[in-house]
file data.cif (mmCIF, C-alpha atoms)
data_run
loop_
_atom_site.label_atom_id
_atom_site.label_comp_id
_atom_site.auth_asym_id
_atom_site.auth_seq_id
_atom_site.Cartn_x
_atom_site.Cartn_y
_atom_site.Cartn_z
CA MET A 1 125.08 71.43 184.30
CA ARG A 2 124.25 74.62 182.49
CA TYR A 3 121.05 76.57 182.72
CA TYR A 4 119.39 78.30 179.86
CA GLU A 5 116.40 80.49 179.34
CA THR A 6 114.42 81.07 176.18
CA LEU A 7 112.00 83.93 175.81
CA TYR A 8 109.71 83.71 172.81
CA ILE A 9 106.96 85.90 171.44
CA VAL A 10 103.67 84.43 170.27
CA ASN A 11 101.08 86.20 168.13
CA PRO A 12 98.96 88.28 170.56
CA ASN A 13 95.70 87.51 168.74
CA PHE A 14 95.81 83.85 169.71
CA GLU A 15 93.32 82.58 172.24
CA ASP A 16 94.44 81.09 175.52
CA LYS A 17 93.82 77.56 174.30
CA LYS A 18 96.01 78.02 171.26
CA VAL A 19 98.74 79.58 173.37
CA GLU A 20 98.57 76.53 175.66
CA THR A 21 98.97 74.17 172.72
CA ILE A 22 101.98 76.15 171.50
CA ILE A 23 103.48 75.99 174.99
CA SER A 24 103.03 72.21 175.08
CA GLU A 25 104.49 71.87 171.56
CA VAL A 26 107.56 73.82 172.58
CA GLY A 27 107.84 71.70 175.72
CA VAL A 28 107.75 68.49 173.68
CA GLU A 29 110.30 69.83 171.23
CA LEU A 30 112.59 70.86 174.05
CA GLN A 31 112.47 67.42 175.64
CA LYS A 32 114.03 66.03 172.47
CA THR A 33 117.21 67.86 173.47
CA ASN A 34 117.39 65.93 176.77
CA SER A 35 116.95 69.11 178.78
CA LYS A 36 114.75 69.43 181.84
CA PRO A 37 112.38 72.38 181.94
CA ILE A 38 112.25 74.19 185.29
CA ASN A 39 109.81 76.99 184.57
CA HIS A 40 107.50 77.40 181.63
CA HIS A 41 104.88 80.09 181.86
CA VAL A 42 103.37 83.10 180.15
CA TRP A 43 105.45 86.14 181.05
CA GLY A 44 102.89 88.68 179.95
CA LYS A 45 101.40 90.56 177.05
CA ASN A 46 103.57 93.52 176.17
CA ARG A 47 103.71 96.25 173.61
CA LEU A 48 106.65 95.66 171.30
CA ALA A 49 109.20 98.45 170.95
CA TYR A 50 108.93 98.07 167.18
CA PRO A 51 106.53 96.05 165.04
CA ILE A 52 107.59 92.46 164.42
CA GLN A 53 105.84 90.75 161.49
CA LYS A 54 103.35 93.63 161.48
CA GLN A 55 102.34 92.94 165.10
CA LYS A 56 102.46 95.76 167.62
CA TYR A 57 101.88 93.56 170.65
CA GLY A 58 103.16 90.16 171.64
CA THR A 59 102.52 87.44 174.19
CA PHE A 60 105.84 86.70 175.86
CA ILE A 61 106.45 83.18 177.11
CA LEU A 62 109.46 82.29 179.24
CA ILE A 63 111.00 78.85 179.60
CA GLN A 64 113.94 78.10 181.85
CA TYR A 65 115.68 74.74 181.65
CA SER A 66 118.83 72.86 182.49
CA GLY A 67 121.09 70.78 180.30
CA GLY A 68 120.64 70.64 176.57
CA GLU A 69 122.96 68.84 174.16
CA THR A 70 124.76 71.23 171.87
CA GLY A 71 123.86 69.44 168.63
CA SER A 72 120.18 69.01 169.34
CA MET A 73 119.89 72.56 170.72
CA VAL A 74 120.75 73.84 167.25
CA GLU A 75 117.84 71.80 165.92
CA PHE A 76 115.57 73.27 168.59
CA ASP A 77 116.69 76.74 167.55
CA THR A 78 115.90 76.12 163.88
CA TRP A 79 112.55 74.58 164.84
CA MET A 80 111.69 77.75 166.75
CA LYS A 81 112.73 79.87 163.78
CA LEU A 82 110.59 77.87 161.35
CA ASN A 83 107.53 77.85 163.62
CA THR A 84 105.25 80.49 162.13
CA SER A 85 103.24 81.12 165.29
CA ILE A 86 106.39 82.21 167.14
CA LEU A 87 107.32 85.72 166.10
CA ARG A 88 110.78 85.76 167.66
CA HIS A 89 112.83 83.98 170.31
CA LEU A 90 116.00 84.56 172.28
CA THR A 91 118.02 81.97 174.19
CA THR A 92 120.45 83.10 176.87
CA ARG A 93 122.64 81.25 179.33
CA LEU A 94 121.93 81.70 183.01
CA GLU A 95 124.83 81.92 185.47
CA VAL A 96 122.77 80.76 188.45
CA GLU A 97 120.10 78.08 188.78
CA PRO A 98 116.70 79.77 188.38
CA PRO A 99 114.27 79.41 191.30
CA LYS A 100 111.32 77.18 190.58
CA ILE A 101 107.98 78.94 190.46
CA GLU A 102 105.27 76.42 191.38
CA ALA A 103 102.05 78.23 190.53
CA PRO A 104 101.72 80.07 187.24
CA VAL A 105 102.54 83.68 187.96
CA PHE A 106 100.25 85.03 185.30
CA GLU A 107 97.02 84.14 187.13
CA LYS A 108 98.17 85.58 190.42
CA THR A 109 99.26 88.87 188.94
CA GLY A 110 96.09 89.01 186.87
CA ASP A 111 93.97 89.18 190.00
CA LYS A 112 96.19 91.87 191.43
CA THR A 113 96.01 94.03 188.33
CA LYS A 114 92.24 93.75 188.29
CA GLU A 115 92.11 95.02 191.84
CA GLN A 116 94.43 97.85 190.93
CA GLU A 117 92.28 98.72 187.96
CA LYS A 118 89.22 98.95 190.18
CA ASP A 119 91.08 101.34 192.43
CA LYS A 120 92.20 103.39 189.48
CA SER A 121 88.87 103.50 187.67
CA THR A 122 86.85 105.09 190.46
CA PRO A 123 88.89 108.26 191.10
CA ALA A 124 89.90 108.59 187.46
CA LYS A 125 86.34 109.20 186.28
CA GLU A 126 86.58 112.86 187.22
CA ASP A 127 89.43 113.35 184.77
CA ALA A 128 87.63 111.36 182.11
CA THR A 129 85.67 114.34 180.85
CA GLU A 130 88.82 116.36 180.23
CA SER A 131 90.52 113.51 178.47
CA GLU A 132 87.46 112.98 176.27
CA GLU A 133 87.84 116.43 174.79
CA LYS A 134 91.51 115.85 174.25
CA LEU A 135 90.92 112.54 172.57
CA GLU A 136 88.29 113.87 170.19
CA ASP A 137 90.56 116.66 169.03
CA ALA A 138 93.48 114.36 168.63
CA SER A 139 91.65 111.64 166.75
CA VAL A 140 90.09 114.09 164.32
CA ASP A 141 93.22 116.09 163.65
CA ALA A 142 96.06 113.72 163.30
CA GLY A 143 95.25 110.10 164.09
CA LYS A 144 97.40 107.59 165.83
CA GLU A 145 100.41 109.39 167.26
CA GLU A 146 98.53 112.00 169.15
CA THR A 147 95.96 109.55 170.48
CA GLN A 148 98.76 107.43 171.81
CA GLU A 149 100.22 110.44 173.56
CA ALA A 150 96.83 111.23 174.98
CA THR A 151 96.43 107.71 176.32
CA GLU A 152 99.79 107.96 178.01
CA GLU A 153 98.86 111.23 179.62
CA SER A 154 95.55 110.04 181.00
CA PRO A 155 95.26 106.46 182.24
CA SER A 156 91.51 106.91 182.65
CA ASP A 157 90.93 106.65 178.91
CA ASP A 158 90.29 102.94 179.26
CA VAL A 159 86.95 103.79 180.76
CA VAL A 160 86.02 106.19 178.02
CA GLU A 161 86.88 104.56 174.71
CA PRO A 162 86.28 100.94 173.80
CA GLU A 163 89.18 101.12 171.30
CA ASP A 164 91.62 101.39 174.16
CA ALA A 165 90.75 97.91 175.34
CA LYS A 166 93.84 96.76 173.44
CA ASP A 167 95.98 99.25 175.32
CA GLU A 168 94.95 97.81 178.63
CA THR A 169 96.69 94.52 178.15
CA PRO A 170 100.29 95.76 177.88
CA GLU A 171 99.82 97.88 180.97
CA GLU A 172 98.59 94.85 182.79
CA ALA A 173 101.54 92.93 181.53
CA GLU A 174 104.01 95.51 182.74
CA GLU A 175 102.45 95.46 186.12
CA SER A 176 102.56 91.68 186.15
CA VAL A 177 106.26 91.85 185.38
CA GLU A 178 106.86 94.13 188.29
CA THR A 179 104.87 91.98 190.65
CA GLU A 180 106.70 88.94 189.38
CA LYS A 181 110.00 90.51 190.34
CA GLU A 182 108.70 91.39 193.74
CA SER A 183 107.63 87.82 194.29
CA LYS A 184 111.12 86.64 193.40
CA MET B 185 135.39 126.57 195.23
CA ALA B 186 132.97 127.93 192.69
CA PHE B 187 130.91 124.80 192.44
CA THR B 188 130.85 121.30 193.88
CA SER B 189 129.68 118.56 191.56
CA ARG B 190 128.17 115.36 192.88
CA ARG B 191 130.59 112.52 192.36
CA LYS B 192 129.31 110.03 189.84
CA PHE B 193 129.23 106.45 191.02
CA CYS B 194 128.34 103.16 189.40
CA TYR B 195 124.61 102.50 189.86
CA PHE B 196 125.16 98.73 189.96
CA LYS B 197 127.89 98.87 192.59
CA GLU B 198 125.77 101.16 194.73
CA ASN B 199 122.88 98.73 194.65
CA ASN B 200 124.94 95.53 194.76
CA ILE B 201 123.74 94.25 191.39
CA SER B 202 126.13 91.76 189.83
CA GLU B 203 124.12 90.62 186.81
CA VAL B 204 122.05 92.68 184.39
CA ASP B 205 118.85 91.06 183.15
CA TYR B 206 117.74 91.91 179.62
CA LYS B 207 114.09 91.52 180.69
CA ASP B 208 114.36 94.35 183.23
CA VAL B 209 113.38 97.12 180.82
CA LYS B 210 112.62 99.58 183.60
CA LEU B 211 116.24 99.43 184.75
CA LEU B 212 117.75 99.48 181.26
CA ARG B 213 115.75 102.60 180.35
CA ARG B 214 117.90 104.58 182.78
CA PHE B 215 120.97 104.03 180.64
CA VAL B 216 119.44 104.95 177.31
CA ASN B 217 118.61 108.42 175.98
CA ASP B 218 115.33 109.53 174.40
CA GLN B 219 116.35 108.22 171.02
CA GLY B 220 117.10 104.80 172.50
CA LYS B 221 120.86 105.21 172.19
CA ILE B 222 123.07 103.69 174.86
CA MET B 223 124.61 106.41 177.03
CA PRO B 224 128.41 106.44 177.38
CA LYS B 225 129.75 105.34 180.72
CA ARG B 226 131.48 108.67 181.18
CA VAL B 227 128.00 110.17 181.42
CA THR B 228 126.30 107.52 183.54
CA GLY B 229 129.31 106.78 185.72
CA THR B 230 128.91 103.03 185.32
CA SER B 231 132.02 100.96 185.96
CA ALA B 232 133.69 99.41 182.94
CA LYS B 233 132.85 95.88 184.02
CA MET B 234 129.18 96.57 184.52
CA HIS B 235 128.95 98.73 181.42
CA ARG B 236 129.98 95.77 179.27
CA LYS B 237 127.23 93.64 180.84
CA LEU B 238 124.75 96.49 180.53
CA VAL B 239 125.45 97.00 176.83
CA ARG B 240 124.97 93.30 176.23
CA ALA B 241 121.65 93.30 178.08
CA ILE B 242 120.36 96.31 176.15
CA LYS B 243 121.28 94.74 172.82
CA GLN B 244 119.58 91.47 173.78
CA SER B 245 116.54 93.42 174.88
CA ARG B 246 116.45 95.11 171.48
CA MET B 247 116.60 91.81 169.65
CA ILE B 248 113.53 90.42 171.41
CA GLY B 249 111.59 93.65 170.90
CA LEU B 250 111.45 94.92 174.47
CA MET B 251 113.55 98.01 173.73
CA PRO B 252 113.77 100.09 170.57
CA PHE B 253 116.73 100.16 168.21
CA SER B 254 115.87 103.76 167.56
CA ASP B 255 113.04 105.69 169.15
CA THR B 256 112.49 108.81 167.08
CA GLY B 257 108.82 109.20 167.96
CA VAL B 258 107.72 108.47 164.39
CA GLU B 259 106.03 105.18 163.59
#
call {"tool": "encode", "arguments": {"input": "data.cif", "output": "structure tokens"}}
result
Amino acid sequence: MRYYETLYIVNPNFEDKKVETIISEVGVELQKTNSKPINHHVWGKNRLAYPIQKQKYGTFILIQYSGGETGSMVEFDTWMKLNTSILRHLTTRLEVEPPKIEAPVFEKTGDKTKEQEKDKSTPAKEDATESEEKLEDASVDAGKEETQEATEESPSDDVVEPEDAKDETPEEAEESVETEKESK
Amino acid sequence: MAFTSRRKFCYFKENNISEVDYKDVKLLRRFVNDQGKIMPKRVTGTSAKMHRKLVRAIKQSRMIGLMPFSDTGVE
């Protein structure tokens, strides 16, 4: 028995319900290949290293499964390629059987990140005034690049600007990834 | 002895890592320069066996969009 893992990226603008339907669709499609899914959960919302189909962010979903007939797996691969709501996918073979994760990790880590944010937000307010000045200068002068640098320098910007609400999610996702590894 | 250099050693052997995961971006970032280029193993000190696995992981990570093909700072 061989174990495989497929990581696929879904459009980040989709609502949770739509993501769930996509997950179930993929699950149904995978069962046609006679393979048994072990884990299937949202891995997190990350910033992409480069834009894919004009999207800067992506919702990563991970599915680990055993078996899979060679012929039908090719069909599954083409189905994933043709699916427009999936930006990109990657299937790799696992050497060892993956451990089963009972509860969806995403919810657990979500609570943790919220707590962390609360901790961060209170002491960071002092720095917020400094970062405000920085941000204003940057946004007026030269747009995106400098603002991004500014956001990296000061994590407290989330409190200040409503635009940075988008930037919060990838940070959360990164944290969730780390916590996921710890849990393993 | 004018200078003593620290002996380079394979990071993976030091930490008993046998498989490199392409999802572990934090780890892979160590073996990539600012531009996103893979560092040669003569610089990082990685063993040949692990370097092959590492290169594979980085390239997979690039394909799925977790790591950049080239990171020049311009978007």
call {"tool": "interface_residues", "arguments": {"input": "data.cif", "of": "chain B", "to": "chain A", "cutoff": "7 Å", "atoms": "only C-alpha atoms", "output": "NGL selection string"}}
result
:B and (248-252)
call {"tool": "atom_distance", "arguments": {"input": "data.cif", "atom1": "atom CA of B:Arg191", "atom2": "atom CA of B:Val216"}}
result
20.2 Å
call {"tool": "residues_near_point", "arguments": {"input": "data.cif", "point": "(119.2, 69.7, 176.5)", "cutoff": "10 Å", "atoms": "only C-alpha atoms", "output": "count of residues only"}}
result
22
call {"tool": "resolve_selection", "arguments": {"input": "data.cif", "expression": "the PyMOL selection byres ((chain B and resi 218-230) around 8)", "output": "ChimeraX atom specification"}}
result
/B:192-196,215-217,231-232,234-235,239,242,251-256
call {"tool": "write_last_selection", "arguments": {"input": "data.cif", "atoms": "C-alpha atoms", "output": "mmCIF file, keeping the file's coordinate frame"}}
result
data_model
loop_
_atom_site.group_PDB
_atom_site.id
_atom_site.type_symbol
_atom_site.label_atom_id
_atom_site.label_comp_id
_atom_site.auth_asym_id
_atom_site.auth_seq_id
_atom_site.Cartn_x
_atom_site.Cartn_y
_atom_site.Cartn_z
ATOM 1 C CA LYS B 192 129.310 110.030 189.840
ATOM 2 C CA PHE B 193 129.230 106.450 191.020
ATOM 3 C CA CYS B 194 128.340 103.160 189.400
ATOM 4 C CA TYR B 195 124.610 102.500 189.860
ATOM 5 C CA PHE B 196 125.160 98.730 189.960
ATOM 6 C CA PHE B 215 120.970 104.030 180.640
ATOM 7 C CA VAL B 216 119.440 104.950 177.310
ATOM 8 C CA ASN B 217 118.610 108.420 175.980
ATOM 9 C CA SER B 231 132.020 100.960 185.960
ATOM 10 C CA ALA B 232 133.690 99.410 182.940
ATOM 11 C CA MET B 234 129.180 96.570 184.520
ATOM 12 C CA HIS B 235 128.950 98.730 181.420
ATOM 13 C CA VAL B 239 125.450 97.000 176.830
ATOM 14 C CA ILE B 242 120.360 96.310 176.150
ATOM 15 C CA MET B 251 113.550 98.010 173.730
ATOM 16 C CA PRO B 252 113.770 100.090 170.570
ATOM 17 C CA PHE B 253 116.730 100.160 168.210
ATOM 18 C CA SER B 254 115.870 103.760 167.560
ATOM 19 C CA ASP B 255 113.040 105.690 169.150
ATOM 20 C CA THR B 256 112.490 108.810 167.080
#
call {"tool": "atom_distance", "arguments": {"input": "data.cif", "atom1": "atom CA of A:His40", "atom2": "atom CA of A:Ser85"}}
result
17.3 Å
call {"tool": "atom_distance", "arguments": {"input": "data.cif", "atom1": "atom CA of A:Pro99", "atom2": "atom CA of A:Asn83"}}
result
28.5 Å
call {"tool": "resolve_selection", "arguments": {"input": "data.cif", "expression": "the PyMOL selection byres ((chain A and resi 43) around 6)", "output": "ChimeraX atom specification"}}
result
/A:42,44,60-62
call {"tool": "build_atoms", "arguments": {"input": "data.cif", "residues": "stretch 42-61 of chain A", "atoms": "N, CA, C and O atoms", "output": "mmCIF file, keeping the file's coordinate frame"}}
result
data_model
loop_
_atom_site.group_PDB
_atom_site.id
_atom_site.type_symbol
_atom_site.label_atom_id
_atom_site.label_comp_id
_atom_site.auth_asym_id
_atom_site.auth_seq_id
_atom_site.Cartn_x
_atom_site.Cartn_y
_atom_site.Cartn_z
ATOM 1 N N VAL A 42 103.587 81.857 180.900
ATOM 2 C CA VAL A 42 103.370 83.100 180.150
ATOM 3 C C VAL A 42 103.922 84.255 180.974
ATOM 4 O O VAL A 42 103.616 84.399 182.157
ATOM 5 N N TRP A 43 104.761 85.057 180.343
ATOM 6 C CA TRP A 43 105.450 86.140 181.050
ATOM 7 C C TRP A 43 104.610 87.413 181.007
ATOM 8 O O TRP A 43 104.726 88.272 181.857
ATOM 9 N N GLY A 44 103.774 87.523 180.006
ATOM 10 C CA GLY A 44 102.890 88.680 179.950
ATOM 11 C C GLY A 44 102.678 89.140 178.517
ATOM 12 O O GLY A 44 103.343 88.694 177.600
ATOM 13 N N LYS A 45 101.688 90.008 178.370
ATOM 14 C CA LYS A 45 101.400 90.560 177.050
ATOM 15 C C LYS A 45 101.935 91.991 177.023
ATOM 16 O O LYS A 45 101.503 92.834 177.801
ATOM 17 N N ASN A 46 102.910 92.210 176.176
ATOM 18 C CA ASN A 46 103.570 93.520 176.170
ATOM 19 C C ASN A 46 103.436 94.189 174.823
ATOM 20 O O ASN A 46 103.265 93.537 173.796
ATOM 21 N N ARG A 47 103.580 95.509 174.843
ATOM 22 C CA ARG A 47 103.710 96.250 173.610
ATOM 23 C C ARG A 47 105.141 96.114 173.122
ATOM 24 O O ARG A 47 106.084 96.268 173.897
ATOM 25 N N LEU A 48 105.308 95.804 171.858
ATOM 26 C CA LEU A 48 106.650 95.660 171.300
ATOM 27 C C LEU A 48 107.228 97.048 171.016
ATOM 28 O O LEU A 48 106.505 97.977 170.669
ATOM 29 N N ALA A 49 108.544 97.159 171.166
ATOM 30 C CA ALA A 49 109.200 98.450 170.950
ATOM 31 C C ALA A 49 109.147 98.838 169.474
ATOM 32 O O ALA A 49 109.181 100.005 169.127
ATOM 33 N N TYR A 50 109.082 97.842 168.614
ATOM 34 C CA TYR A 50 108.930 98.070 167.180
ATOM 35 C C TYR A 50 108.122 96.907 166.621
ATOM 36 O O TYR A 50 108.151 95.813 167.187
ATOM 37 N N PRO A 51 107.364 97.131 165.542
ATOM 38 C CA PRO A 51 106.530 96.050 165.040
ATOM 39 C C PRO A 51 107.348 94.873 164.505
ATOM 40 O O PRO A 51 108.313 95.072 163.764
ATOM 41 N N ILE A 52 106.961 93.669 164.921
ATOM 42 C CA ILE A 52 107.590 92.460 164.420
ATOM 43 C C ILE A 52 106.537 91.689 163.636
ATOM 44 O O ILE A 52 105.477 91.372 164.180
ATOM 45 N N GLN A 53 106.786 91.414 162.391
ATOM 46 C CA GLN A 53 105.840 90.750 161.490
ATOM 47 C C GLN A 53 104.474 91.444 161.552
ATOM 48 O O GLN A 53 103.426 90.817 161.683
ATOM 49 N N LYS A 54 104.533 92.758 161.517
ATOM 50 C CA LYS A 54 103.350 93.630 161.480
ATOM 51 C C LYS A 54 102.505 93.555 162.760
ATOM 52 O O LYS A 54 101.350 93.968 162.781
ATOM 53 N N GLN A 55 103.064 92.998 163.831
ATOM 54 C CA GLN A 55 102.340 92.940 165.100
ATOM 55 C C GLN A 55 102.908 94.005 166.032
ATOM 56 O O GLN A 55 104.125 94.147 166.150
ATOM 57 N N LYS A 56 102.001 94.735 166.686
ATOM 58 C CA LYS A 56 102.460 95.760 167.620
ATOM 59 C C LYS A 56 102.591 95.216 169.042
ATOM 60 O O LYS A 56 103.314 95.765 169.853
ATOM 61 N N TYR A 57 101.843 94.170 169.326
ATOM 62 C CA TYR A 57 101.880 93.560 170.650
ATOM 63 C C TYR A 57 102.364 92.122 170.536
ATOM 64 O O TYR A 57 102.368 91.549 169.450
ATOM 65 N N GLY A 58 102.728 91.550 171.665
ATOM 66 C CA GLY A 58 103.160 90.160 171.640
ATOM 67 C C GLY A 58 102.967 89.503 172.979
ATOM 68 O O GLY A 58 103.089 90.142 174.025
ATOM 69 N N THR A 59 102.608 88.222 172.966
ATOM 70 C CA THR A 59 102.520 87.440 174.190
ATOM 71 C C THR A 59 103.884 86.812 174.446
ATOM 72 O O THR A 59 104.352 86.016 173.639
ATOM 73 N N PHE A 60 104.508 87.199 175.540
ATOM 74 C CA PHE A 60 105.840 86.700 175.860
ATOM 75 C C PHE A 60 105.724 85.452 176.723
ATOM 76 O O PHE A 60 104.984 85.444 177.702
ATOM 77 N N ILE A 61 106.452 84.413 176.343
ATOM 78 C CA ILE A 61 106.450 83.180 177.110
ATOM 79 C C ILE A 61 107.902 82.838 177.468
ATOM 80 O O ILE A 61 108.787 82.891 176.612
#
